[in-house]
Amino acid sequence: MSQKNEIPILVLSILITVGLIAGGFWWFSRKSGLELNTINSGNNSGNTNTPQAASGKPSSGTFSLVKDVPTGLFNYGGSTSWAPIRLIVDSAIQAARPELRLRYVEPSNASPGSGTGIQSLIDGQLAFAQSSRPVLDQELSRAQQRGFSLKQIPVAIDGLAVAVNPNLNIPGLTVEQLKSIYIGKINNWSQVGGPNIPIKPYSRRITDGGTVELFVQDILGGQAFSSNVEFISTTTQALQKLAGSPGSIYYASAPEVIPQCSIKALPLGRTQGQYIAPYQEPSVLPSECPGKRNKLNIEAFQSGKYPITRNLFVVVKQNDQTEQQAGVAYANLLLTEQGQELITQAGFVKIR
């Protein structure tokens, strides 16, 4: 081949080689940039100001897949209505994520409850709190005075159930009738279609937790309890009194009432005669219990047909510290598919 022909071929080979090198460099740069952006994006997800729970999306399918779970010992506490969740769900969280060590703490100088839990959170005694009612304006103000805000993340649906003696023959109550019983306007079951028996209402004190606070605010409209109301310390104590007294009545978190054998949960309604049972019908007879137990009317709670429902909240301190990260991680764990299933097993209703 002549030298004249060899020069164009050599130039062409050099151009092809340069093109391949440049193309490879461009492709490698694009590929590397994509991978770096993915890694950076993953790191940014650790910002607890934009948690998955706060965005309204479940974190993951199982506890093991939840990201940004901090390592350490974190105190938490609050609502007594959360007791079944602490027993069933939190123990499963501890087994799956041992790095997040949870320690339940009761207040030293007050009864446990939503209010005392939130106050302990504000005072720095808890990393996060469990509440059965929304955060109050005065609690938000106290937190702001301490230099941080509070965030409430709903994780489950609960409702209040009204319990009576199992031998009381009455189809149900309206919410207005329930109010009238507790403020003293109605004092005999014959006034609401029942037998001629005096009504004996029981309640925990308003300082004892979010359930009573919610009842006073939403059912009684802020009015005071009647002098006929007898205050007791625990739901267990109240249910024992109901079992031995045909005219007694009490209210509590639905999972604490519905499965019980010694009492009867009353259907409630917004209007006379249109009552919704808090349990799945047909109801289980006392003679069939404990072999069979009544279960929560999940559909009525989720749809809002049952007239007294509420959300359960994880209350998180917004201070950009590990406390905030722990509270958000705990809420995200409860919002996983695994967490929501365990919440159902604890007797509450999925919020997802």
# chains A, B, ... in the order shown; residues from 1 in each chain; ligands from 1
$ residues_around --residues "region 274-281 of chain A" --least-positions-apart "4" --cutoff "9 Å" --atoms "only C-alpha atoms" --output "PDB file with all heavy atoms, in the first residue's frame"
ATOM      1  N   GLY A 159     -61.479   4.149  69.748  1.00  0.00           N
ATOM      2  CA  GLY A 159     -62.776   4.733  70.051  1.00  0.00           C
ATOM      3  C   GLY A 159     -63.085   4.528  71.512  1.00  0.00           C
ATOM      4  O   GLY A 159     -62.452   3.709  72.187  1.00  0.00           O
ATOM      5  N   LEU A 160     -64.040   5.278  72.012  1.00  0.00           N
ATOM      6  CA  LEU A 160     -64.483   5.088  73.378  1.00  0.00           C
ATOM      7  C   LEU A 160     -65.691   4.160  73.371  1.00  0.00           C
ATOM      8  O   LEU A 160     -66.615   4.347  72.574  1.00  0.00           O
ATOM      9  CB  LEU A 160     -64.858   6.417  74.030  1.00  0.00           C
ATOM     10  CG  LEU A 160     -63.768   7.475  74.137  1.00  0.00           C
ATOM     11  CD1 LEU A 160     -64.239   8.621  75.023  1.00  0.00           C
ATOM     12  CD2 LEU A 160     -62.483   6.891  74.682  1.00  0.00           C
ATOM     13  N   ALA A 161     -65.683   3.181  74.250  1.00  0.00           N
ATOM     14  CA  ALA A 161     -66.807   2.261  74.398  1.00  0.00           C
ATOM     15  C   ALA A 161     -67.446   2.489  75.755  1.00  0.00           C
ATOM     16  O   ALA A 161     -66.763   2.759  76.750  1.00  0.00           O
ATOM     17  CB  ALA A 161     -66.334   0.813  74.261  1.00  0.00           C
ATOM     18  N   VAL A 162     -68.757   2.381  75.789  1.00  0.00           N
ATOM     19  CA  VAL A 162     -69.518   2.554  77.018  1.00  0.00           C
ATOM     20  C   VAL A 162     -69.910   1.173  77.529  1.00  0.00           C
ATOM     21  O   VAL A 162     -70.500   0.370  76.798  1.00  0.00           O
ATOM     22  CB  VAL A 162     -70.765   3.418  76.778  1.00  0.00           C
ATOM     23  CG1 VAL A 162     -71.631   3.478  78.033  1.00  0.00           C
ATOM     24  CG2 VAL A 162     -70.352   4.824  76.352  1.00  0.00           C
ATOM     25  N   PRO A 171     -81.304  -1.014  74.468  1.00  0.00           N
ATOM     26  CA  PRO A 171     -80.750  -1.198  73.112  1.00  0.00           C
ATOM     27  C   PRO A 171     -79.528  -0.348  72.825  1.00  0.00           C
ATOM     28  O   PRO A 171     -78.708  -0.705  71.985  1.00  0.00           O
ATOM     29  CB  PRO A 171     -81.917  -0.805  72.204  1.00  0.00           C
ATOM     30  CG  PRO A 171     -82.746   0.132  73.027  1.00  0.00           C
ATOM     31  CD  PRO A 171     -82.626  -0.356  74.436  1.00  0.00           C
ATOM     32  N   GLY A 172     -79.417   0.804  73.485  1.00  0.00           N
ATOM     33  CA  GLY A 172     -78.292   1.688  73.222  1.00  0.00           C
ATOM     34  C   GLY A 172     -78.556   3.075  73.758  1.00  0.00           C
ATOM     35  O   GLY A 172     -79.591   3.339  74.374  1.00  0.00           O
ATOM     36  N   LEU A 173     -77.608   3.961  73.542  1.00  0.00           N
ATOM     37  CA  LEU A 173     -77.718   5.346  73.978  1.00  0.00           C
ATOM     38  C   LEU A 173     -77.312   6.281  72.848  1.00  0.00           C
ATOM     39  O   LEU A 173     -76.475   5.923  72.007  1.00  0.00           O
ATOM     40  CB  LEU A 173     -76.799   5.621  75.176  1.00  0.00           C
ATOM     41  CG  LEU A 173     -77.143   4.996  76.533  1.00  0.00           C
ATOM     42  CD1 LEU A 173     -76.007   5.259  77.513  1.00  0.00           C
ATOM     43  CD2 LEU A 173     -78.460   5.531  77.073  1.00  0.00           C
ATOM     44  N   THR A 174     -77.896   7.470  72.836  1.00  0.00           N
ATOM     45  CA  THR A 174     -77.368   8.513  71.965  1.00  0.00           C
ATOM     46  C   THR A 174     -76.224   9.213  72.696  1.00  0.00           C
ATOM     47  O   THR A 174     -76.109   9.130  73.930  1.00  0.00           O
ATOM     48  CB  THR A 174     -78.442   9.551  71.604  1.00  0.00           C
ATOM     49  OG1 THR A 174     -78.817  10.261  72.786  1.00  0.00           O
ATOM     50  CG2 THR A 174     -79.671   8.882  70.995  1.00  0.00           C
ATOM     51  N   ALA A 254     -61.945   1.511  73.682  1.00  0.00           N
ATOM     52  CA  ALA A 254     -62.694   0.348  73.211  1.00  0.00           C
ATOM     53  C   ALA A 254     -61.957  -0.985  73.394  1.00  0.00           C
ATOM     54  O   ALA A 254     -62.569  -1.969  73.823  1.00  0.00           O
ATOM     55  CB  ALA A 254     -63.097   0.543  71.750  1.00  0.00           C
ATOM     56  N   ILE A 258     -64.318  -3.976  74.939  1.00  0.00           N
ATOM     57  CA  ILE A 258     -65.005  -4.904  74.027  1.00  0.00           C
ATOM     58  C   ILE A 258     -64.775  -6.376  74.366  1.00  0.00           C
ATOM     59  O   ILE A 258     -65.724  -7.167  74.389  1.00  0.00           O
ATOM     60  CB  ILE A 258     -64.609  -4.626  72.559  1.00  0.00           C
ATOM     61  CG1 ILE A 258     -64.932  -3.172  72.180  1.00  0.00           C
ATOM     62  CG2 ILE A 258     -65.316  -5.593  71.615  1.00  0.00           C
ATOM     63  CD1 ILE A 258     -66.358  -2.779  72.388  1.00  0.00           C
ATOM     64  N   PRO A 259     -63.546  -6.844  74.646  1.00  0.00           N
ATOM     65  CA  PRO A 259     -63.336  -8.290  74.850  1.00  0.00           C
ATOM     66  C   PRO A 259     -63.750  -8.811  76.226  1.00  0.00           C
ATOM     67  O   PRO A 259     -63.707 -10.021  76.448  1.00  0.00           O
ATOM     68  CB  PRO A 259     -61.815  -8.455  74.665  1.00  0.00           C
ATOM     69  CG  PRO A 259     -61.279  -7.127  74.257  1.00  0.00           C
ATOM     70  CD  PRO A 259     -62.263  -6.120  74.699  1.00  0.00           C
ATOM     71  N   ALA A 265     -70.836  -3.990  76.320  1.00  0.00           N
ATOM     72  CA  ALA A 265     -70.621  -2.713  75.638  1.00  0.00           C
ATOM     73  C   ALA A 265     -71.921  -2.282  74.970  1.00  0.00           C
ATOM     74  O   ALA A 265     -72.598  -3.082  74.324  1.00  0.00           O
ATOM     75  CB  ALA A 265     -69.505  -2.842  74.609  1.00  0.00           C
ATOM     76  N   LEU A 266     -72.282  -1.013  75.134  1.00  0.00           N
ATOM     77  CA  LEU A 266     -73.532  -0.499  74.574  1.00  0.00           C
ATOM     78  C   LEU A 266     -73.330   0.070  73.170  1.00  0.00           C
ATOM     79  O   LEU A 266     -72.362   0.799  72.935  1.00  0.00           O
ATOM     80  CB  LEU A 266     -74.090   0.616  75.450  1.00  0.00           C
ATOM     81  CG  LEU A 266     -74.912   0.257  76.679  1.00  0.00           C
ATOM     82  CD1 LEU A 266     -75.454   1.524  77.324  1.00  0.00           C
ATOM     83  CD2 LEU A 266     -76.050  -0.691  76.337  1.00  0.00           C
ATOM     84  N   PRO A 267     -74.266  -0.222  72.236  1.00  0.00           N
ATOM     85  CA  PRO A 267     -74.259   0.504  70.965  1.00  0.00           C
ATOM     86  C   PRO A 267     -74.565   1.985  71.212  1.00  0.00           C
ATOM     87  O   PRO A 267     -75.319   2.345  72.120  1.00  0.00           O
ATOM     88  CB  PRO A 267     -75.394  -0.164  70.182  1.00  0.00           C
ATOM     89  CG  PRO A 267     -75.519  -1.532  70.788  1.00  0.00           C
ATOM     90  CD  PRO A 267     -75.228  -1.335  72.245  1.00  0.00           C
ATOM     91  N   LEU A 268     -73.954   2.847  70.419  1.00  0.00           N
ATOM     92  CA  LEU A 268     -74.147   4.287  70.540  1.00  0.00           C
ATOM     93  C   LEU A 268     -74.617   4.860  69.203  1.00  0.00           C
ATOM     94  O   LEU A 268     -74.355   4.288  68.141  1.00  0.00           O
ATOM     95  CB  LEU A 268     -72.854   4.986  70.963  1.00  0.00           C
ATOM     96  CG  LEU A 268     -72.245   4.605  72.314  1.00  0.00           C
ATOM     97  CD1 LEU A 268     -70.941   5.369  72.532  1.00  0.00           C
ATOM     98  CD2 LEU A 268     -73.216   4.872  73.454  1.00  0.00           C
ATOM     99  N   GLY A 269     -75.308   5.985  69.267  1.00  0.00           N
ATOM    100  CA  GLY A 269     -75.769   6.622  68.049  1.00  0.00           C
ATOM    101  C   GLY A 269     -75.814   8.125  68.179  1.00  0.00           C
ATOM    102  O   GLY A 269     -75.827   8.675  69.280  1.00  0.00           O
ATOM    103  N   ARG A 270     -75.834   8.795  67.038  1.00  0.00           N
ATOM    104  CA  ARG A 270     -75.986  10.245  67.047  1.00  0.00           C
ATOM    105  C   ARG A 270     -77.450  10.644  67.163  1.00  0.00           C
ATOM    106  O   ARG A 270     -77.766  11.749  67.604  1.00  0.00           O
ATOM    107  CB  ARG A 270     -75.363  10.841  65.781  1.00  0.00           C
ATOM    108  CG  ARG A 270     -73.852  10.632  65.699  1.00  0.00           C
ATOM    109  CD  ARG A 270     -73.263  11.235  64.423  1.00  0.00           C
ATOM    110  NE  ARG A 270     -71.809  11.097  64.398  1.00  0.00           N
ATOM    111  CZ  ARG A 270     -71.174  10.042  63.910  1.00  0.00           C
ATOM    112  NH1 ARG A 270     -71.866   9.035  63.383  1.00  0.00           N
ATOM    113  NH2 ARG A 270     -69.858   9.982  63.927  1.00  0.00           N
ATOM    114  N   ASN A 294     -65.888 -10.861  72.112  1.00  0.00           N
ATOM    115  CA  ASN A 294     -66.289  -9.834  71.151  1.00  0.00           C
ATOM    116  C   ASN A 294     -65.060  -9.159  70.553  1.00  0.00           C
ATOM    117  O   ASN A 294     -64.037  -8.993  71.222  1.00  0.00           O
ATOM    118  CB  ASN A 294     -67.177  -8.786  71.828  1.00  0.00           C
ATOM    119  CG  ASN A 294     -68.609  -9.269  71.986  1.00  0.00           C
ATOM    120  OD1 ASN A 294     -69.249  -9.682  71.029  1.00  0.00           O
ATOM    121  ND2 ASN A 294     -69.124  -9.221  73.217  1.00  0.00           N
ATOM    122  N   LYS A 295     -65.187  -8.772  69.285  1.00  0.00           N
ATOM    123  CA  LYS A 295     -64.098  -8.100  68.577  1.00  0.00           C
ATOM    124  C   LYS A 295     -64.555  -6.722  68.114  1.00  0.00           C
ATOM    125  O   LYS A 295     -65.743  -6.462  67.922  1.00  0.00           O
ATOM    126  CB  LYS A 295     -63.648  -8.937  67.369  1.00  0.00           C
ATOM    127  CG  LYS A 295     -63.068 -10.290  67.754  1.00  0.00           C
ATOM    128  CD  LYS A 295     -62.637 -11.071  66.526  1.00  0.00           C
ATOM    129  CE  LYS A 295     -62.052 -12.425  66.908  1.00  0.00           C
ATOM    130  NZ  LYS A 295     -61.634 -13.205  65.714  1.00  0.00           N
ATOM    131  N   LEU A 296     -63.585  -5.856  67.905  1.00  0.00           N
ATOM    132  CA  LEU A 296     -63.847  -4.477  67.516  1.00  0.00           C
ATOM    133  C   LEU A 296     -64.559  -4.404  66.163  1.00  0.00           C
ATOM    134  O   LEU A 296     -64.239  -5.151  65.242  1.00  0.00           O
ATOM    135  CB  LEU A 296     -62.516  -3.723  67.427  1.00  0.00           C
ATOM    136  CG  LEU A 296     -62.448  -2.319  67.999  1.00  0.00           C
ATOM    137  CD1 LEU A 296     -62.807  -2.312  69.468  1.00  0.00           C
ATOM    138  CD2 LEU A 296     -61.060  -1.741  67.799  1.00  0.00           C
ATOM    139  N   ASN A 297     -65.507  -3.488  66.041  1.00  0.00           N
ATOM    140  CA  ASN A 297     -66.209  -3.239  64.787  1.00  0.00           C
ATOM    141  C   ASN A 297     -65.329  -2.333  63.922  1.00  0.00           C
ATOM    142  O   ASN A 297     -65.521  -1.112  63.857  1.00  0.00           O
ATOM    143  CB  ASN A 297     -67.564  -2.587  65.074  1.00  0.00           C
ATOM    144  CG  ASN A 297     -68.422  -2.452  63.823  1.00  0.00           C
ATOM    145  OD1 ASN A 297     -67.956  -2.649  62.697  1.00  0.00           O
ATOM    146  ND2 ASN A 297     -69.691  -2.122  64.006  1.00  0.00           N
ATOM    147  N   ILE A 298     -64.363  -2.948  63.271  1.00  0.00           N
ATOM    148  CA  ILE A 298     -63.331  -2.196  62.550  1.00  0.00           C
ATOM    149  C   ILE A 298     -63.934  -1.291  61.480  1.00  0.00           C
ATOM    150  O   ILE A 298     -63.556  -0.125  61.345  1.00  0.00           O
ATOM    151  CB  ILE A 298     -62.309  -3.171  61.939  1.00  0.00           C
ATOM    152  CG1 ILE A 298     -61.524  -3.872  63.052  1.00  0.00           C
ATOM    153  CG2 ILE A 298     -61.360  -2.440  60.994  1.00  0.00           C
ATOM    154  CD1 ILE A 298     -60.600  -4.947  62.565  1.00  0.00           C
ATOM    155  N   ALA A 300     -66.864   0.138  61.270  1.00  0.00           N
ATOM    156  CA  ALA A 300     -67.557   1.303  61.829  1.00  0.00           C
ATOM    157  C   ALA A 300     -66.576   2.340  62.356  1.00  0.00           C
ATOM    158  O   ALA A 300     -66.830   3.543  62.276  1.00  0.00           O
ATOM    159  CB  ALA A 300     -68.507   0.853  62.947  1.00  0.00           C
ATOM    160  N   PHE A 301     -65.438   1.885  62.873  1.00  0.00           N
ATOM    161  CA  PHE A 301     -64.432   2.813  63.387  1.00  0.00           C
ATOM    162  C   PHE A 301     -63.721   3.516  62.234  1.00  0.00           C
ATOM    163  O   PHE A 301     -63.471   4.721  62.292  1.00  0.00           O
ATOM    164  CB  PHE A 301     -63.422   2.065  64.259  1.00  0.00           C
ATOM    165  CG  PHE A 301     -63.893   1.839  65.675  1.00  0.00           C
ATOM    166  CD1 PHE A 301     -65.069   1.171  65.941  1.00  0.00           C
ATOM    167  CD2 PHE A 301     -63.158   2.299  66.743  1.00  0.00           C
ATOM    168  CE1 PHE A 301     -65.512   0.962  67.226  1.00  0.00           C
ATOM    169  CE2 PHE A 301     -63.583   2.109  68.051  1.00  0.00           C
ATOM    170  CZ  PHE A 301     -64.770   1.433  68.288  1.00  0.00           C
ATOM    171  N   LYS A 305     -68.706   5.776  61.245  1.00  0.00           N
ATOM    172  CA  LYS A 305     -70.118   5.527  61.595  1.00  0.00           C
ATOM    173  C   LYS A 305     -70.293   5.468  63.107  1.00  0.00           C
ATOM    174  O   LYS A 305     -71.293   5.945  63.641  1.00  0.00           O
ATOM    175  CB  LYS A 305     -70.594   4.217  60.955  1.00  0.00           C
ATOM    176  CG  LYS A 305     -70.694   4.246  59.444  1.00  0.00           C
ATOM    177  CD  LYS A 305     -71.135   2.883  58.910  1.00  0.00           C
ATOM    178  CE  LYS A 305     -71.177   2.881  57.392  1.00  0.00           C
ATOM    179  NZ  LYS A 305     -71.528   1.521  56.863  1.00  0.00           N
ATOM    180  N   TYR A 306     -69.333   4.843  63.767  1.00  0.00           N
ATOM    181  CA  TYR A 306     -69.390   4.824  65.226  1.00  0.00           C
ATOM    182  C   TYR A 306     -69.091   6.233  65.721  1.00  0.00           C
ATOM    183  O   TYR A 306     -68.116   6.862  65.291  1.00  0.00           O
ATOM    184  CB  TYR A 306     -68.377   3.821  65.782  1.00  0.00           C
ATOM    185  CG  TYR A 306     -68.459   3.647  67.282  1.00  0.00           C
ATOM    186  CD1 TYR A 306     -69.526   2.958  67.857  1.00  0.00           C
ATOM    187  CD2 TYR A 306     -67.489   4.178  68.121  1.00  0.00           C
ATOM    188  CE1 TYR A 306     -69.621   2.804  69.240  1.00  0.00           C
ATOM    189  CE2 TYR A 306     -67.574   4.045  69.498  1.00  0.00           C
ATOM    190  CZ  TYR A 306     -68.645   3.347  70.048  1.00  0.00           C
ATOM    191  OH  TYR A 306     -68.728   3.212  71.411  1.00  0.00           O
ATOM    192  N   PRO A 307     -69.927   6.777  66.626  1.00  0.00           N
ATOM    193  CA  PRO A 307     -69.871   8.222  66.900  1.00  0.00           C
ATOM    194  C   PRO A 307     -68.720   8.725  67.756  1.00  0.00           C
ATOM    195  O   PRO A 307     -68.490   9.935  67.804  1.00  0.00           O
ATOM    196  CB  PRO A 307     -71.207   8.489  67.603  1.00  0.00           C
ATOM    197  CG  PRO A 307     -71.595   7.194  68.221  1.00  0.00           C
ATOM    198  CD  PRO A 307     -71.080   6.129  67.292  1.00  0.00           C
TER     199      PRO A 307
END
$ residues_around --residues "Ile206 (chain A)" --least-positions-apart "3" --cutoff "12 Å" --atoms "only C-alpha atoms" --output "MDAnalysis selection string"
chainID A and resid 111:116 203 209:217 222:225 231:233
$ write_last_selection --atoms "N, CA, C and O atoms" --output "PDB file, in the first residue's frame"
ATOM      1  N   SER A 111     -50.397  10.640  87.869  1.00  0.00           N
ATOM      2  CA  SER A 111     -50.860   9.425  87.207  1.00  0.00           C
ATOM      3  C   SER A 111     -50.412   9.433  85.752  1.00  0.00           C
ATOM      4  O   SER A 111     -50.368  10.495  85.118  1.00  0.00           O
ATOM      5  N   PRO A 112     -50.088   8.276  85.184  1.00  0.00           N
ATOM      6  CA  PRO A 112     -49.715   8.238  83.769  1.00  0.00           C
ATOM      7  C   PRO A 112     -50.896   8.585  82.887  1.00  0.00           C
ATOM      8  O   PRO A 112     -52.044   8.282  83.207  1.00  0.00           O
ATOM      9  N   GLY A 113     -50.629   9.240  81.776  1.00  0.00           N
ATOM     10  CA  GLY A 113     -51.680   9.625  80.847  1.00  0.00           C
ATOM     11  C   GLY A 113     -51.112  10.474  79.730  1.00  0.00           C
ATOM     12  O   GLY A 113     -49.924  10.813  79.720  1.00  0.00           O
ATOM     13  N   SER A 114     -51.960  10.848  78.791  1.00  0.00           N
ATOM     14  CA  SER A 114     -51.508  11.649  77.656  1.00  0.00           C
ATOM     15  C   SER A 114     -50.935  12.984  78.109  1.00  0.00           C
ATOM     16  O   SER A 114     -49.864  13.401  77.671  1.00  0.00           O
ATOM     17  N   GLY A 115     -51.653  13.665  78.989  1.00  0.00           N
ATOM     18  CA  GLY A 115     -51.226  14.982  79.437  1.00  0.00           C
ATOM     19  C   GLY A 115     -49.909  14.961  80.184  1.00  0.00           C
ATOM     20  O   GLY A 115     -49.012  15.772  79.923  1.00  0.00           O
ATOM     21  N   THR A 116     -49.772  14.007  81.117  1.00  0.00           N
ATOM     22  CA  THR A 116     -48.521  13.930  81.873  1.00  0.00           C
ATOM     23  C   THR A 116     -47.373  13.472  80.979  1.00  0.00           C
ATOM     24  O   THR A 116     -46.225  13.878  81.178  1.00  0.00           O
ATOM     25  N   SER A 203     -66.161   7.093  86.454  1.00  0.00           N
ATOM     26  CA  SER A 203     -65.174   7.694  85.559  1.00  0.00           C
ATOM     27  C   SER A 203     -63.838   7.780  86.283  1.00  0.00           C
ATOM     28  O   SER A 203     -63.795   7.817  87.519  1.00  0.00           O
ATOM     29  N   GLY A 209     -55.796  11.167  82.410  1.00  0.00           N
ATOM     30  CA  GLY A 209     -55.370  10.787  81.067  1.00  0.00           C
ATOM     31  C   GLY A 209     -56.203  11.386  79.950  1.00  0.00           C
ATOM     32  O   GLY A 209     -57.213  12.060  80.172  1.00  0.00           O
ATOM     33  N   GLY A 210     -55.759  11.091  78.719  1.00  0.00           N
ATOM     34  CA  GLY A 210     -56.378  11.657  77.532  1.00  0.00           C
ATOM     35  C   GLY A 210     -57.787  11.173  77.280  1.00  0.00           C
ATOM     36  O   GLY A 210     -58.601  11.886  76.681  1.00  0.00           O
ATOM     37  N   THR A 211     -58.119   9.944  77.732  1.00  0.00           N
ATOM     38  CA  THR A 211     -59.465   9.420  77.506  1.00  0.00           C
ATOM     39  C   THR A 211     -60.501  10.280  78.221  1.00  0.00           C
ATOM     40  O   THR A 211     -61.529  10.645  77.642  1.00  0.00           O
ATOM     41  N   VAL A 212     -60.238  10.618  79.476  1.00  0.00           N
ATOM     42  CA  VAL A 212     -61.176  11.447  80.241  1.00  0.00           C
ATOM     43  C   VAL A 212     -61.195  12.869  79.686  1.00  0.00           C
ATOM     44  O   VAL A 212     -62.258  13.489  79.563  1.00  0.00           O
ATOM     45  N   GLU A 213     -60.028  13.392  79.333  1.00  0.00           N
ATOM     46  CA  GLU A 213     -59.963  14.729  78.747  1.00  0.00           C
ATOM     47  C   GLU A 213     -60.802  14.804  77.474  1.00  0.00           C
ATOM     48  O   GLU A 213     -61.546  15.764  77.253  1.00  0.00           O
ATOM     49  N   LEU A 214     -60.677  13.776  76.626  1.00  0.00           N
ATOM     50  CA  LEU A 214     -61.441  13.733  75.380  1.00  0.00           C
ATOM     51  C   LEU A 214     -62.938  13.636  75.665  1.00  0.00           C
ATOM     52  O   LEU A 214     -63.748  14.296  75.013  1.00  0.00           O
ATOM     53  N   PHE A 215     -63.318  12.830  76.652  1.00  0.00           N
ATOM     54  CA  PHE A 215     -64.725  12.653  77.004  1.00  0.00           C
ATOM     55  C   PHE A 215     -65.324  13.978  77.481  1.00  0.00           C
ATOM     56  O   PHE A 215     -66.415  14.373  77.056  1.00  0.00           O
ATOM     57  N   VAL A 216     -64.614  14.668  78.349  1.00  0.00           N
ATOM     58  CA  VAL A 216     -65.110  15.948  78.873  1.00  0.00           C
ATOM     59  C   VAL A 216     -65.211  16.979  77.757  1.00  0.00           C
ATOM     60  O   VAL A 216     -66.194  17.723  77.654  1.00  0.00           O
ATOM     61  N   GLN A 217     -64.215  17.019  76.897  1.00  0.00           N
ATOM     62  CA  GLN A 217     -64.195  18.021  75.840  1.00  0.00           C
ATOM     63  C   GLN A 217     -65.216  17.721  74.752  1.00  0.00           C
ATOM     64  O   GLN A 217     -66.007  18.603  74.366  1.00  0.00           O
ATOM     65  N   GLY A 222     -67.215  20.335  77.718  1.00  0.00           N
ATOM     66  CA  GLY A 222     -66.511  21.136  78.704  1.00  0.00           C
ATOM     67  C   GLY A 222     -67.242  21.287  80.027  1.00  0.00           C
ATOM     68  O   GLY A 222     -66.711  21.889  80.970  1.00  0.00           O
ATOM     69  N   GLN A 223     -68.448  20.728  80.133  1.00  0.00           N
ATOM     70  CA  GLN A 223     -69.196  20.823  81.387  1.00  0.00           C
ATOM     71  C   GLN A 223     -68.613  19.887  82.437  1.00  0.00           C
ATOM     72  O   GLN A 223     -67.961  18.890  82.115  1.00  0.00           O
ATOM     73  N   ALA A 224     -68.907  20.188  83.691  1.00  0.00           N
ATOM     74  CA  ALA A 224     -68.362  19.405  84.801  1.00  0.00           C
ATOM     75  C   ALA A 224     -69.149  18.124  85.004  1.00  0.00           C
ATOM     76  O   ALA A 224     -70.333  18.026  84.648  1.00  0.00           O
ATOM     77  N   PHE A 225     -68.489  17.129  85.571  1.00  0.00           N
ATOM     78  CA  PHE A 225     -69.176  15.898  85.950  1.00  0.00           C
ATOM     79  C   PHE A 225     -70.207  16.180  87.039  1.00  0.00           C
ATOM     80  O   PHE A 225     -70.020  17.045  87.905  1.00  0.00           O
ATOM     81  N   PHE A 231     -65.539   8.574  91.126  1.00  0.00           N
ATOM     82  CA  PHE A 231     -64.244   8.492  90.466  1.00  0.00           C
ATOM     83  C   PHE A 231     -63.472   7.283  90.971  1.00  0.00           C
ATOM     84  O   PHE A 231     -63.413   7.017  92.174  1.00  0.00           O
ATOM     85  N   ILE A 232     -62.886   6.569  90.034  1.00  0.00           N
ATOM     86  CA  ILE A 232     -62.091   5.384  90.338  1.00  0.00           C
ATOM     87  C   ILE A 232     -60.707   5.562  89.721  1.00  0.00           C
ATOM     88  O   ILE A 232     -60.485   6.452  88.893  1.00  0.00           O
ATOM     89  N   SER A 233     -59.785   4.710  90.109  1.00  0.00           N
ATOM     90  CA  SER A 233     -58.393   4.883  89.680  1.00  0.00           C
ATOM     91  C   SER A 233     -58.085   4.206  88.357  1.00  0.00           C
ATOM     92  O   SER A 233     -57.303   4.718  87.554  1.00  0.00           O
TER      93      SER A 233
END
$ atom_distance --atom1 "CA of Ile170 (chain A)" --atom2 "CA of Ser227 (chain A)"
24.1 Å
$ residues_around --residues "Ser120 (chain A)" --least-positions-apart "4" --cutoff "12 Å" --atoms "only C-alpha atoms" --output "ChimeraX atom specification"
/A:75-79,105-116,124-130,139,142-143,315-317
$ closest_residue --among "A:Ile199, A:Ile343, A:Ala252, A:Val314" --to "Thr234 (chain A)" --atoms "only C-alpha atoms"
A:Ala252
$ atom_distance --atom1 "CA of Ser283 (chain A)" --atom2 "CA of Glu299 (chain A)"
15.4 Å
